[in-house]
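Structure data (compact mmCIF, C-alpha atoms (C1' of nucleotides)) from work.txt:
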```txt
# COMPACT_ATOMS: atom_id res chain seq x y z
CA MET A 1342 -16.71 -7.99 27.83
CA PHE A 1343 -14.39 -7.33 24.89
CA LYS A 1344 -12.73 -10.21 23.14
CA ILE A 1345 -10.69 -9.59 20.04
CA SER A 1346 -11.21 -12.60 17.83
CA THR A 1347 -8.27 -14.49 16.38
CA ARG A 1348 -9.47 -13.54 12.93
CA GLU A 1349 -9.25 -9.86 13.81
CA LYS A 1350 -5.84 -10.35 15.35
CA ILE A 1351 -4.59 -12.04 12.18
CA ILE A 1352 -5.91 -9.22 10.01
CA LYS A 1353 -4.41 -6.54 12.22
CA THR A 1354 -1.03 -8.26 12.36
CA ALA A 1355 -0.98 -9.08 8.65
CA ASP A 1356 -1.94 -5.49 7.89
CA GLU A 1357 1.08 -4.20 9.79
CA LEU A 1358 3.49 -6.79 8.39
CA PHE A 1359 2.29 -6.33 4.81
CA TYR A 1360 2.96 -2.64 5.23
CA LYS A 1361 6.33 -2.89 6.93
CA ASN A 1362 7.81 -5.90 5.15
CA GLY A 1363 5.74 -6.14 1.98
CA PHE A 1364 3.01 -8.63 1.12
CA ASP A 1365 5.13 -11.11 -0.80
CA HIS A 1366 7.93 -11.07 1.73
CA THR A 1367 5.59 -11.72 4.66
CA SER A 1368 5.15 -15.42 5.36
CA PHE A 1369 2.55 -17.31 7.33
CA ALA A 1370 5.23 -18.09 9.89
CA ASP A 1371 5.82 -14.36 10.38
CA VAL A 1372 2.17 -13.61 10.92
CA ALA A 1373 1.69 -16.67 13.13
CA SER A 1374 4.56 -15.89 15.47
CA ASN A 1375 3.44 -12.26 15.72
CA VAL A 1376 -0.14 -13.25 16.51
CA GLY A 1377 0.97 -16.04 18.81
CA ILE A 1378 -0.79 -18.95 17.13
CA SER A 1379 0.28 -21.98 15.16
CA ARG A 1380 0.72 -21.94 11.42
CA GLY A 1381 -1.88 -24.60 10.76
CA ASN A 1382 -4.54 -22.59 12.48
CA PHE A 1383 -4.76 -20.11 9.63
CA TYR A 1384 -6.79 -22.24 7.33
CA HIS A 1385 -9.66 -22.33 9.71
CA HIS A 1386 -9.95 -18.57 9.35
CA PHE A 1387 -8.74 -17.97 5.82
CA LYS A 1388 -8.76 -20.10 2.72
CA SER A 1389 -5.41 -18.81 1.44
CA LYS A 1390 -2.85 -16.06 1.70
CA ASP A 1391 -4.75 -14.12 -0.94
CA ASP A 1392 -7.79 -14.44 1.29
CA ILE A 1393 -5.91 -12.74 4.13
CA LEU A 1394 -4.80 -10.02 1.74
CA ALA A 1395 -8.39 -9.42 0.67
CA ALA A 1396 -9.40 -9.14 4.32
CA VAL A 1397 -6.54 -6.74 5.01
CA ILE A 1398 -7.54 -4.52 2.09
CA GLU A 1399 -11.16 -4.63 3.26
CA HIS A 1400 -9.96 -3.66 6.71
CA ARG A 1401 -7.98 -0.74 5.32
CA LYS A 1402 -10.92 0.43 3.28
CA LYS A 1403 -13.15 0.41 6.34
CA ASN A 1404 -10.57 2.32 8.36
CA THR A 1405 -10.11 4.83 5.57
CA LYS A 1406 -13.84 5.47 5.32
CA LYS A 1407 -14.04 5.91 9.07
CA MET A 1408 -11.15 8.35 9.00
CA LEU A 1409 -12.73 10.38 6.20
CA GLU A 1410 -15.96 10.55 8.17
CA GLU A 1411 -14.06 11.77 11.21
CA TRP A 1412 -12.43 14.52 9.18
CA GLU A 1413 -15.87 15.38 7.84
CA ARG A 1414 -17.08 15.80 11.41
CA ASP A 1415 -14.05 17.48 12.97
CA ALA A 1416 -13.15 20.06 10.35
CA ARG A 1417 -15.59 22.85 9.65
CA SER A 1418 -14.59 23.89 6.15
CA PRO A 1419 -13.66 21.99 2.96
CA LYS A 1420 -10.23 23.53 3.12
CA GLY A 1421 -9.79 22.41 6.72
CA ARG A 1422 -10.76 18.90 5.70
CA ILE A 1423 -8.21 18.74 2.92
CA LYS A 1424 -5.65 19.92 5.44
CA CYS A 1425 -6.62 16.94 7.58
CA TYR A 1426 -5.55 14.78 4.67
CA ILE A 1427 -2.21 16.55 4.37
CA ASP A 1428 -1.72 16.27 8.11
CA ILE A 1429 -1.40 12.49 7.94
CA LEU A 1430 2.02 13.07 6.43
CA ILE A 1431 3.02 14.62 9.76
CA LYS A 1432 1.00 12.27 11.92
CA ASN A 1433 2.54 9.19 10.29
CA GLN A 1434 5.89 10.80 9.64
CA THR A 1435 7.96 8.15 11.42
CA LEU A 1436 6.30 5.25 9.64
CA ILE A 1437 6.40 6.96 6.25
CA LYS A 1438 10.07 7.73 6.69
CA GLU A 1439 10.82 4.04 7.14
CA PHE A 1440 8.24 2.29 4.96
CA GLY A 1441 6.60 4.81 2.62
CA CYS A 1442 2.87 5.10 2.03
CA PRO A 1443 0.85 1.95 2.80
CA VAL A 1444 -1.52 2.61 -0.09
CA GLY A 1445 1.02 3.53 -2.73
CA THR A 1446 3.50 0.79 -1.92
CA LEU A 1447 0.90 -1.97 -1.76
CA THR A 1448 -0.70 -0.86 -5.00
CA ASN A 1449 2.64 -0.96 -6.78
CA GLU A 1450 3.57 -4.31 -5.27
CA MET A 1451 0.27 -5.76 -6.45
CA ALA A 1452 0.96 -4.39 -9.93
CA LYS A 1453 4.38 -6.03 -10.04
CA LEU A 1454 3.04 -9.34 -8.77
CA LYS A 1455 0.21 -9.12 -11.28
CA HIS A 1456 -1.96 -9.97 -8.33
CA ALA A 1457 -5.72 -10.36 -8.59
CA SER A 1458 -6.15 -7.74 -5.86
CA THR A 1459 -4.38 -5.01 -7.83
CA GLU A 1460 -7.54 -3.05 -8.52
CA ASP A 1461 -8.83 -3.62 -5.03
CA ALA A 1462 -5.64 -2.13 -3.58
CA ALA A 1463 -5.91 0.88 -5.89
CA SER A 1464 -9.49 1.41 -4.79
CA ILE A 1465 -8.20 2.81 -1.48
CA PHE A 1466 -6.68 5.59 -3.53
CA SER A 1467 -10.10 6.08 -5.08
CA LEU A 1468 -11.68 6.61 -1.67
CA PHE A 1469 -9.32 9.51 -1.06
CA LYS A 1470 -9.74 10.77 -4.59
CA TYR A 1471 -13.53 10.99 -4.48
CA TRP A 1472 -13.51 12.45 -1.00
CA LEU A 1473 -10.99 15.11 -1.99
CA THR A 1474 -12.99 15.88 -5.12
CA GLU A 1475 -16.03 16.42 -2.96
CA GLN A 1476 -14.17 18.84 -0.74
CA PHE A 1477 -12.89 20.86 -3.68
CA GLU A 1478 -16.41 21.04 -5.08
CA LYS A 1479 -17.77 22.28 -1.80
CA GLY A 1480 -14.87 24.72 -1.64
CA GLY A 1481 -15.99 26.38 -4.84
CA CYS A 1482 -13.86 24.57 -7.42
CA GLN A 1483 -16.72 22.91 -9.26
CA ASN A 1484 -15.22 22.96 -12.72
CA ASN A 1485 -11.88 21.27 -11.94
CA ALA A 1486 -12.40 19.59 -8.58
CA ASP A 1487 -11.32 16.13 -9.73
CA ARG A 1488 -8.19 17.49 -11.33
CA LEU A 1489 -7.28 19.29 -8.11
CA ALA A 1490 -8.05 16.19 -6.06
CA LEU A 1491 -5.75 14.04 -8.16
CA HIS A 1492 -3.11 16.72 -7.89
CA VAL A 1493 -3.21 16.68 -4.08
CA LEU A 1494 -3.07 12.91 -4.13
CA SER A 1495 -0.15 12.93 -6.55
CA TRP A 1496 1.72 15.65 -4.69
CA SER A 1497 1.48 13.85 -1.38
CA GLN A 1498 2.58 10.58 -2.95
CA GLY A 1499 5.63 12.18 -4.48
CA THR A 1500 6.50 13.84 -1.20
CA VAL A 1501 6.25 10.53 0.60
CA THR A 1502 8.37 8.66 -1.94
CA ILE A 1503 11.18 11.20 -1.82
CA TYR A 1504 10.95 11.52 1.95
CA ASN A 1505 11.22 7.75 2.26
CA ALA A 1506 14.25 7.75 -0.02
CA PHE A 1507 16.19 10.70 1.41
CA LYS A 1508 14.70 10.91 4.92
CA ASP A 1509 15.11 14.67 4.82
CA ASP A 1510 12.84 16.22 7.46
CA ASP A 1511 13.25 19.72 6.09
CA PHE A 1512 12.11 18.57 2.67
CA LEU A 1513 8.94 17.08 4.13
CA LYS A 1514 8.18 20.20 6.15
CA ASN A 1515 8.79 22.41 3.16
CA GLU A 1516 6.64 20.38 0.75
CA ILE A 1517 3.76 20.38 3.23
CA ARG A 1518 4.03 24.14 3.58
CA GLN A 1519 3.95 24.45 -0.20
CA ILE A 1520 0.92 22.19 -0.54
CA GLU A 1521 -0.93 24.23 2.05
CA SER A 1522 -0.16 27.57 0.45
CA TRP A 1523 -1.14 26.12 -2.91
CA LEU A 1524 -4.39 25.03 -1.27
CA ASP A 1525 -4.95 28.58 -0.03
CA LEU A 1526 -4.75 29.75 -3.62
CA GLN A 1527 -7.30 27.19 -4.80
CA ILE A 1528 -9.89 27.69 -2.05
CA LYS A 1529 -10.24 31.30 -1.02
CA GLU A 1530 -13.02 31.06 1.58
CA ASN A 1531 -12.17 30.49 5.27
CA MET B 410 33.71 -8.64 -32.97
CA PHE B 411 31.10 -8.00 -30.30
CA LYS B 412 30.39 -10.63 -27.70
CA ILE B 413 27.99 -9.87 -24.87
CA SER B 414 29.35 -11.70 -21.88
CA THR B 415 27.18 -13.96 -19.77
CA ARG B 416 27.77 -11.64 -16.86
CA GLU B 417 26.38 -8.72 -18.82
CA LYS B 418 23.41 -10.79 -19.95
CA ILE B 419 22.64 -11.75 -16.36
CA ILE B 420 22.80 -8.13 -15.23
CA LYS B 421 20.60 -6.93 -18.07
CA THR B 422 18.02 -9.65 -17.50
CA ALA B 423 18.04 -9.26 -13.72
CA ASP B 424 17.66 -5.52 -14.15
CA GLU B 425 14.51 -5.97 -16.16
CA LEU B 426 13.04 -8.67 -13.93
CA PHE B 427 13.81 -6.76 -10.72
CA TYR B 428 11.95 -3.83 -12.21
CA LYS B 429 8.97 -5.71 -13.58
CA ASN B 430 8.51 -8.37 -10.88
CA GLY B 431 10.34 -6.90 -7.92
CA PHE B 432 13.71 -7.93 -6.48
CA ASP B 433 12.45 -10.27 -3.79
CA HIS B 434 9.94 -11.95 -6.07
CA THR B 435 12.54 -12.62 -8.77
CA SER B 436 14.25 -15.97 -8.33
CA PHE B 437 17.45 -17.37 -9.76
CA ALA B 438 15.34 -19.77 -11.79
CA ASP B 439 13.53 -16.79 -13.37
CA VAL B 440 16.75 -15.05 -14.33
CA ALA B 441 18.37 -18.29 -15.49
CA SER B 442 15.54 -19.27 -17.81
CA ASN B 443 15.37 -15.75 -19.23
CA VAL B 444 19.10 -15.67 -19.87
CA GLY B 445 19.13 -19.24 -21.14
CA ILE B 446 21.70 -20.67 -18.75
CA SER B 447 21.62 -23.14 -15.89
CA ARG B 448 20.96 -22.11 -12.31
CA GLY B 449 24.27 -23.39 -11.00
CA ASN B 450 26.20 -21.22 -13.41
CA PHE B 451 25.38 -18.06 -11.47
CA TYR B 452 27.90 -18.58 -8.73
CA HIS B 453 30.76 -18.41 -11.12
CA HIS B 454 29.75 -14.84 -11.97
CA PHE B 455 28.19 -13.64 -8.71
CA LYS B 456 28.78 -14.59 -5.11
CA SER B 457 25.12 -14.21 -4.13
CA LYS B 458 21.79 -12.72 -5.08
CA ASP B 459 22.75 -9.54 -3.26
CA ASP B 460 25.82 -9.45 -5.44
CA ILE B 461 23.66 -9.46 -8.56
CA LEU B 462 21.57 -6.70 -7.07
CA ALA B 463 24.66 -4.61 -6.41
CA ALA B 464 25.72 -5.13 -10.02
CA VAL B 465 22.26 -4.18 -11.28
CA ILE B 466 22.28 -0.97 -9.24
CA GLU B 467 25.77 -0.20 -10.49
CA HIS B 468 24.51 -0.80 -14.03
CA ARG B 469 21.59 1.54 -13.48
CA LYS B 470 23.83 4.21 -12.05
CA LYS B 471 26.09 4.01 -15.06
CA ASN B 472 23.14 4.22 -17.45
CA THR B 473 21.70 7.16 -15.53
CA LYS B 474 24.97 9.06 -15.70
CA LYS B 475 25.21 8.38 -19.41
CA MET B 476 21.65 9.61 -19.92
CA LEU B 477 22.31 12.80 -17.96
CA GLU B 478 25.39 13.45 -20.06
CA GLU B 479 23.35 12.97 -23.21
CA TRP B 480 20.79 15.48 -22.03
CA GLU B 481 23.64 17.81 -21.20
CA ARG B 482 24.81 17.52 -24.79
CA ASP B 483 21.49 17.52 -26.59
CA ALA B 484 19.63 20.31 -24.85
CA ARG B 485 20.91 23.83 -25.20
CA SER B 486 19.44 25.48 -22.10
CA PRO B 487 19.06 24.41 -18.44
CA LYS B 488 15.31 24.58 -18.87
CA GLY B 489 15.48 22.34 -21.92
CA ARG B 490 17.54 19.85 -19.95
CA ILE B 491 15.05 19.69 -17.12
CA LYS B 492 12.38 19.11 -19.73
CA CYS B 493 14.41 16.13 -20.92
CA TYR B 494 13.98 14.72 -17.44
CA ILE B 495 10.23 15.26 -17.53
CA ASP B 496 10.06 13.72 -20.97
CA ILE B 497 11.05 10.30 -19.64
CA LEU B 498 7.54 10.11 -18.20
CA ILE B 499 6.26 10.13 -21.76
CA LYS B 500 9.09 8.09 -23.22
CA ASN B 501 8.60 5.31 -20.66
CA GLN B 502 4.85 5.79 -20.36
CA THR B 503 3.91 2.19 -21.12
CA LEU B 504 6.37 0.71 -18.63
CA ILE B 505 5.51 3.23 -15.94
CA LYS B 506 1.83 2.54 -16.37
CA GLU B 507 2.40 -1.13 -15.65
CA PHE B 508 5.29 -1.14 -13.18
CA GLY B 509 5.85 2.35 -11.81
CA CYS B 510 9.22 4.07 -11.55
CA PRO B 511 12.23 1.71 -11.43
CA VAL B 512 14.08 3.98 -9.02
CA GLY B 513 11.23 4.73 -6.65
CA THR B 514 9.88 1.22 -6.44
CA LEU B 515 13.28 -0.41 -5.90
CA THR B 516 14.22 2.11 -3.25
CA ASN B 517 11.02 1.43 -1.36
CA GLU B 518 11.36 -2.33 -1.70
CA MET B 519 14.90 -2.14 -0.32
CA ALA B 520 13.59 -0.10 2.62
CA LYS B 521 10.93 -2.69 3.40
CA LEU B 522 13.37 -5.57 3.13
CA LYS B 523 15.82 -3.62 5.32
CA HIS B 524 18.30 -4.54 2.65
CA ALA B 525 21.96 -3.55 2.81
CA SER B 526 21.63 -1.89 -0.61
CA THR B 527 18.92 0.53 0.52
CA GLU B 528 21.19 3.56 0.42
CA ASP B 529 22.77 2.43 -2.80
CA ALA B 530 19.36 2.22 -4.46
CA ALA B 531 18.46 5.69 -3.20
CA SER B 532 21.71 7.05 -4.60
CA ILE B 533 20.21 6.84 -8.09
CA PHE B 534 17.72 9.43 -6.92
CA SER B 535 20.68 11.49 -5.78
CA LEU B 536 22.16 11.47 -9.27
CA PHE B 537 19.00 13.07 -10.61
CA LYS B 538 18.77 15.40 -7.65
CA TYR B 539 22.26 16.85 -8.03
CA TRP B 540 21.94 17.07 -11.78
CA LEU B 541 18.61 18.89 -11.51
CA THR B 542 20.05 21.21 -8.87
CA GLU B 543 22.86 22.09 -11.26
CA GLN B 544 20.40 22.92 -13.99
CA PHE B 545 18.33 25.18 -11.75
CA GLU B 546 21.50 26.96 -10.65
CA LYS B 547 22.54 27.52 -14.23
CA GLY B 548 18.99 28.65 -14.96
CA GLY B 549 19.30 31.49 -12.47
CA CYS B 550 17.77 29.93 -9.36
CA GLN B 551 20.94 29.97 -7.28
CA ASN B 552 19.31 30.56 -3.91
CA ASN B 553 16.81 27.70 -3.96
CA ALA B 554 18.04 25.35 -6.67
CA ASP B 555 18.16 22.25 -4.47
CA ARG B 556 14.65 22.89 -3.20
CA LEU B 557 13.37 23.20 -6.76
CA ALA B 558 15.26 20.09 -7.82
CA LEU B 559 13.71 18.03 -5.04
CA HIS B 560 10.34 19.42 -5.97
CA VAL B 561 10.65 18.28 -9.58
CA LEU B 562 11.81 14.88 -8.38
CA SER B 563 8.92 14.65 -5.93
CA TRP B 564 6.35 15.86 -8.41
CA SER B 565 7.37 13.36 -11.03
CA GLN B 566 7.36 10.54 -8.48
CA GLY B 567 3.85 11.40 -7.35
CA THR B 568 2.66 11.59 -10.92
CA VAL B 569 4.12 8.18 -11.65
CA THR B 570 2.63 6.57 -8.54
CA ILE B 571 -0.87 7.85 -9.28
CA TYR B 572 -0.55 7.05 -12.96
CA ASN B 573 0.49 3.51 -12.12
CA ALA B 574 -2.49 3.17 -9.78
CA PHE B 575 -5.23 4.72 -11.93
CA LYS B 576 -3.70 4.35 -15.40
CA ASP B 577 -5.38 7.57 -16.43
CA ASP B 578 -3.63 8.92 -19.54
CA ASP B 579 -5.30 12.32 -19.27
CA PHE B 580 -4.00 12.72 -15.74
CA LEU B 581 -0.43 12.04 -16.85
CA LYS B 582 -0.67 14.44 -19.74
CA ASN B 583 -2.17 17.12 -17.54
CA GLU B 584 0.41 16.79 -14.76
CA ILE B 585 3.25 16.98 -17.26
CA ARG B 586 1.74 20.14 -18.72
CA GLN B 587 1.51 21.59 -15.23
CA ILE B 588 5.10 20.72 -14.38
CA GLU B 589 6.28 22.38 -17.56
CA SER B 590 4.34 25.58 -17.02
CA TRP B 591 5.57 25.63 -13.43
CA LEU B 592 9.07 25.28 -14.83
CA ASP B 593 8.47 28.25 -17.12
CA LEU B 594 7.68 30.32 -14.04
CA GLN B 595 10.88 29.25 -12.28
CA ILE B 596 13.29 29.75 -15.18
CA LYS B 597 12.45 32.76 -17.28
CA GLU B 598 15.23 32.72 -19.87
CA ASN B 599 14.80 30.78 -23.13
C1' DG C 17 -22.76 -32.87 33.02
C1' DA C 18 -23.31 -34.46 28.06
C1' DC C 19 -22.85 -33.45 23.45
C1' DA C 20 -21.96 -30.88 19.33
C1' DA C 21 -19.55 -27.08 17.23
C1' DA C 22 -15.79 -24.08 16.96
C1' DT C 23 -11.13 -23.47 17.49
C1' DT C 24 -6.51 -24.84 17.89
C1' DA C 25 -1.81 -27.27 17.52
C1' DG C 26 1.25 -29.98 15.14
C1' DG C 27 2.93 -32.10 11.57
C1' DA C 28 3.05 -33.81 6.62
C1' DC C 29 3.22 -32.44 1.71
C1' DA C 30 5.31 -31.00 -2.59
C1' DA C 31 7.35 -27.12 -4.49
C1' DT C 32 10.60 -23.50 -4.44
C1' DT C 33 14.21 -20.86 -2.47
C1' DG C 34 19.43 -19.39 -2.33
C1' DT C 35 23.60 -21.72 -2.04
C1' DC C 36 27.24 -24.81 -3.04
C1' DC C 37 29.87 -28.75 -5.18
C1' DT C 38 31.62 -31.52 -8.81
C1' DA C 39 32.34 -32.99 -13.35
C1' DA C 40 32.20 -31.87 -18.02
C1' DT C 41 32.92 -28.73 -21.63
C1' DT C 42 34.85 -24.83 -23.96
C1' DA C 43 38.57 -21.13 -24.63
C1' DT C 44 42.96 -19.62 -24.21
C1' DT C 45 47.78 -19.90 -24.17
C1' DG C 46 52.33 -21.83 -24.88
C1' DC D 1128 48.89 -30.43 -30.02
C1' DA D 1129 49.20 -30.11 -24.93
C1' DA D 1130 48.11 -27.89 -20.78
C1' DT D 1131 45.96 -24.63 -18.22
C1' DA D 1132 42.13 -21.57 -17.23
C1' DA D 1133 37.48 -20.10 -17.79
C1' DT D 1134 32.95 -21.32 -18.21
C1' DT D 1135 29.08 -24.21 -17.94
C1' DA D 1136 25.49 -27.88 -16.62
C1' DG D 1137 23.40 -30.59 -13.37
C1' DG D 1138 22.34 -31.96 -9.23
C1' DA D 1139 22.56 -32.00 -3.99
C1' DC D 1140 21.63 -29.34 0.24
C1' DA D 1141 18.94 -27.47 4.00
C1' DA D 1142 15.60 -24.14 4.74
C1' DT D 1143 11.35 -22.05 3.78
C1' DT D 1144 7.16 -21.53 1.28
C1' DG D 1145 1.78 -22.05 1.01
C1' DT D 1146 -1.34 -25.64 1.68
C1' DC D 1147 -3.78 -29.32 3.78
C1' DC D 1148 -5.02 -33.04 7.20
C1' DT D 1149 -5.94 -34.98 11.59
C1' DA D 1150 -6.34 -35.14 16.38
C1' DA D 1151 -6.79 -32.64 20.45
C1' DT D 1152 -8.73 -28.97 23.01
C1' DT D 1153 -11.81 -25.35 24.11
C1' DT D 1154 -16.30 -23.28 23.90
C1' DG D 1155 -21.18 -23.01 23.85
C1' DT D 1156 -25.80 -25.14 24.29
C1' DC D 1157 -29.27 -28.00 26.14
```
Please go through the file and, once you have read it, give me the structure as structure tokens.
Amino acid sequence: MFKISTREKIIKTADELFYKNGFDHTSFADVASNVGISRGNFYHHFKSKDDILAAVIEHRKKNTKKMLEEWERDARSPKGRIKCYIDILIKNQTLIKEFGCPVGTLTNEMAKLKHASTEDAASIFSLFKYWLTEQFEKGGCQNNADRLALHVLSWSQGTVTIYNAFKDDDFLKNEIRQIESWLDLQIKEN
Amino acid sequence: MFKISTREKIIKTADELFYKNGFDHTSFADVASNVGISRGNFYHHFKSKDDILAAVIEHRKKNTKKMLEEWERDARSPKGRIKCYIDILIKNQTLIKEFGCPVGTLTNEMAKLKHASTEDAASIFSLFKYWLTEQFEKGGCQNNADRLALHVLSWSQGTVTIYNAFKDDDFLKNEIRQIESWLDLQIKEN
DNA sequence: GACAAATTAGGACAATTGTCCTAATTATTG
DNA sequence: CAATAATTAGGACAATTGTCCTAATTTGTC
């Protein structure tokens, strides 16, 4: 007997709308009509719009952690795991093409709004950063693992931004190939 | 006898506010109070908010072209000119740290708003792209100049996004150093 | 089936939004 | 100085915003 609670539905819908239309530009009316409830009903579940945002970020963090654990399970080697990270550029290609990276764009929007959740939004980046660092360490790059991790993060962000702007499929394919061959230079084993 | 017209003042102010607070989140009241004029006065100079945006983008394009021409004049070699491009990361470090890249963030916001000016915003990226391509061609990279140009663009965008998120000065410095030594590998002369 | 708690709908609210109109003021021109 | 044009201020406008309140409905418990 599975019943998705209204609260969960709101979070899931807000998550999608915040990504596709931006946090500030998404209104309660938008979320309400997409969930299929009345506007006044929100305040039984959330104190404010910022409260929904906090729940959405929490939701994203949880999903990110789960995804990282899956990669940890599925891929045998550190290098294979880092390639799992790069693969999300292909897996989410269509969405990225249209809306960019959910983490990067939200973090920047928070910064511009001077929103209280700015650091919280950036902490999703940190999850990837620490996880990538761990993989580089296990891959034999103990002395500069965090530098390499940030570089992968940065490289993928740049790729996404330019792909979102120009929508050039060949560019995306080519950058991914370059990241992977760079990765082969950094981690020799496997 | 220099007199900055109200129109120019509006464009300049809107440009800054669109960058720092985002286009959607910037209201006429914000621009008006910053310029020092009344809200109703806008419609004598601009038909709509989208009209101001178009003027701001036009203004940015003009400034970008002027900047590229200056680099063309000031730097002797193609490599030196590309380094001028990279140097804006340092020159605008404080602003980037707080608000990200004006081109990248506006382009993405336009995409999310499904705004009519989406392509126009992205065209500022194109200015850099074609200019960088030209420099790589002149630097002896005729067969993959556009690929290298996009790579520089992408790399700088990623650096900016991560710098804006983590605000780690060492990271910025390190990425810039890496871009420059990568550049030294691509263009041997000078 | 009765009762309390949880959930919901609907509307009111003050504030803000982009837009538009009109009247007053300032500049320009003859 | 007179007359025309350009510019400005101020307010009206309908729509939308986030927030809050109340009454109705559903759900769960005994």
Test item: chain B residues at most 8 Å from chain D, counting all atoms listed in the file, as a tab-separated table (two decimals) with C-alpha atoms, in the frame of the given file:
```
chain	number	residue	atom	x	y	z
B	447	SER	CA	21.62	-23.14	-15.89
B	449	GLY	CA	24.27	-23.39	-11.00
B	450	ASN	CA	26.20	-21.22	-13.41
B	453	HIS	CA	30.76	-18.41	-11.12
```
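Between CA of Arg416 in chain B and CA of His1366 in chain A the separation is 27.2 Å.
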Between chain C and chain B, at 10 Å or less, what are the per-residue closest atom pairs and their distances in Å? Count all atoms listed in the file, order by chain and rising residue number, and return it as JSON lines.
```
{"residue": "C:DT32", "atom": "C1'", "partner": "B:Ser436", "partner_atom": "CA", "distance": 9.2}
{"residue": "C:DT33", "atom": "C1'", "partner": "B:Ser436", "partner_atom": "CA", "distance": 7.6}
{"residue": "C:DG34", "atom": "C1'", "partner": "B:Lys458", "partner_atom": "CA", "distance": 7.6}
{"residue": "C:DT35", "atom": "C1'", "partner": "B:Ser457", "partner_atom": "CA", "distance": 7.9}
{"residue": "C:DC36", "atom": "C1'", "partner": "B:Tyr452", "partner_atom": "CA", "distance": 8.5}
{"residue": "C:DC37", "atom": "C1'", "partner": "B:Gly449", "partner_atom": "CA", "distance": 9.7}
```
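Nearest to chain B of all the residues A:Phe1477, A:Trp1412, A:Trp1523, A:Phe1359 is A:Phe1359, based on only C-alpha atoms.
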May I have a table of the residues of chain A lying at most 10 Å from chain B, giving each one's closest pair of atoms and their distance in Å to one decimal, counting only C-alpha atoms, ordered by chain and ascending residue number, as a tab-separated table?
```
residue	atom	partner	partner_atom	distance
A:Leu1358	CA	B:Lys521	CA	9.9
A:Phe1359	CA	B:Lys521	CA	9.5
A:Tyr1360	CA	B:Lys521	CA	8.2
A:Lys1361	CA	B:Lys521	CA	5.8
A:Asn1362	CA	B:Lys521	CA	4.8
A:Gly1363	CA	B:Lys521	CA	6.4
A:Asp1365	CA	B:His434	CA	7.2
A:His1366	CA	B:Asp433	CA	7.2
A:Lys1438	CA	B:Ala520	CA	9.5
A:Glu1439	CA	B:Ala520	CA	6.7
A:Phe1440	CA	B:Lys521	CA	5.9
A:Gly1441	CA	B:Asn517	CA	6.8
A:Cys1442	CA	B:Asn517	CA	9.6
A:Val1444	CA	B:Ala574	CA	9.8
A:Gly1445	CA	B:Thr570	CA	6.8
A:Thr1446	CA	B:Asn517	CA	7.6
A:Thr1448	CA	B:Ala574	CA	6.5
A:Asn1449	CA	B:Gly509	CA	6.8
A:Glu1450	CA	B:Gly431	CA	7.7
A:Met1451	CA	B:Phe508	CA	9.6
A:Ala1452	CA	B:Phe508	CA	6.3
A:Lys1453	CA	B:Asn430	CA	4.8
A:Leu1454	CA	B:Asn430	CA	5.9
A:Lys1455	CA	B:Asn430	CA	8.3
A:Thr1459	CA	B:Ala574	CA	8.6
A:Glu1460	CA	B:Ala574	CA	8.1
A:Ala1462	CA	B:Ala574	CA	8.7
A:Ala1463	CA	B:Ala574	CA	5.7
A:Ser1464	CA	B:Ala574	CA	8.8
A:Phe1466	CA	B:Ala574	CA	7.9
A:Ser1467	CA	B:Phe575	CA	8.5
A:Arg1488	CA	B:Phe580	CA	7.7
A:Leu1491	CA	B:Phe580	CA	7.9
A:His1492	CA	B:Glu584	CA	7.7
A:Val1493	CA	B:Gly567	CA	9.4
A:Leu1494	CA	B:Ile571	CA	7.5
A:Ser1495	CA	B:Gly567	CA	4.4
A:Trp1496	CA	B:Gly567	CA	5.4
A:Ser1497	CA	B:Gly567	CA	6.9
A:Gln1498	CA	B:Gly567	CA	4.7
A:Gly1499	CA	B:Gly567	CA	3.5
A:Thr1500	CA	B:Ser563	CA	5.4
A:Val1501	CA	B:Ser563	CA	8.2
A:Thr1502	CA	B:Gly513	CA	6.8
A:Ile1503	CA	B:Ser563	CA	5.8
A:Tyr1504	CA	B:Ser563	CA	8.7
A:Asn1505	CA	B:Asn517	CA	7.3
A:Ala1506	CA	B:Ala531	CA	5.7
A:Phe1507	CA	B:Ala531	CA	7.2
A:Asp1511	CA	B:Arg556	CA	9.9
A:Phe1512	CA	B:Arg556	CA	7.7
A:Asn1515	CA	B:Arg556	CA	8.7
A:Glu1516	CA	B:His560	CA	7.7
A:Gln1519	CA	B:His560	CA	10.0
```
Point-to-point distance in Å for CA of Ile499 in chain B and CA of Lys421 in chain B: 22.6 Å
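Here CA of Trp1472 in chain A and CA of Leu1430 in chain A stand 17.2 Å from one another.
Residues in contact range of Lys1479 in chain A, defined as at most 9 Å between only C-alpha atoms (C1' of nucleotides), with sequence neighbours fewer than 5 positions away removed, read A:Ser1418, A:Pro1419, A:Thr1474.
The closest residue to Cys1482 in chain A, picked from A:Ala1396, A:Ala1373, A:Ile1351, A:Leu1526 and counting all atoms listed in the file, is A:Leu1526.
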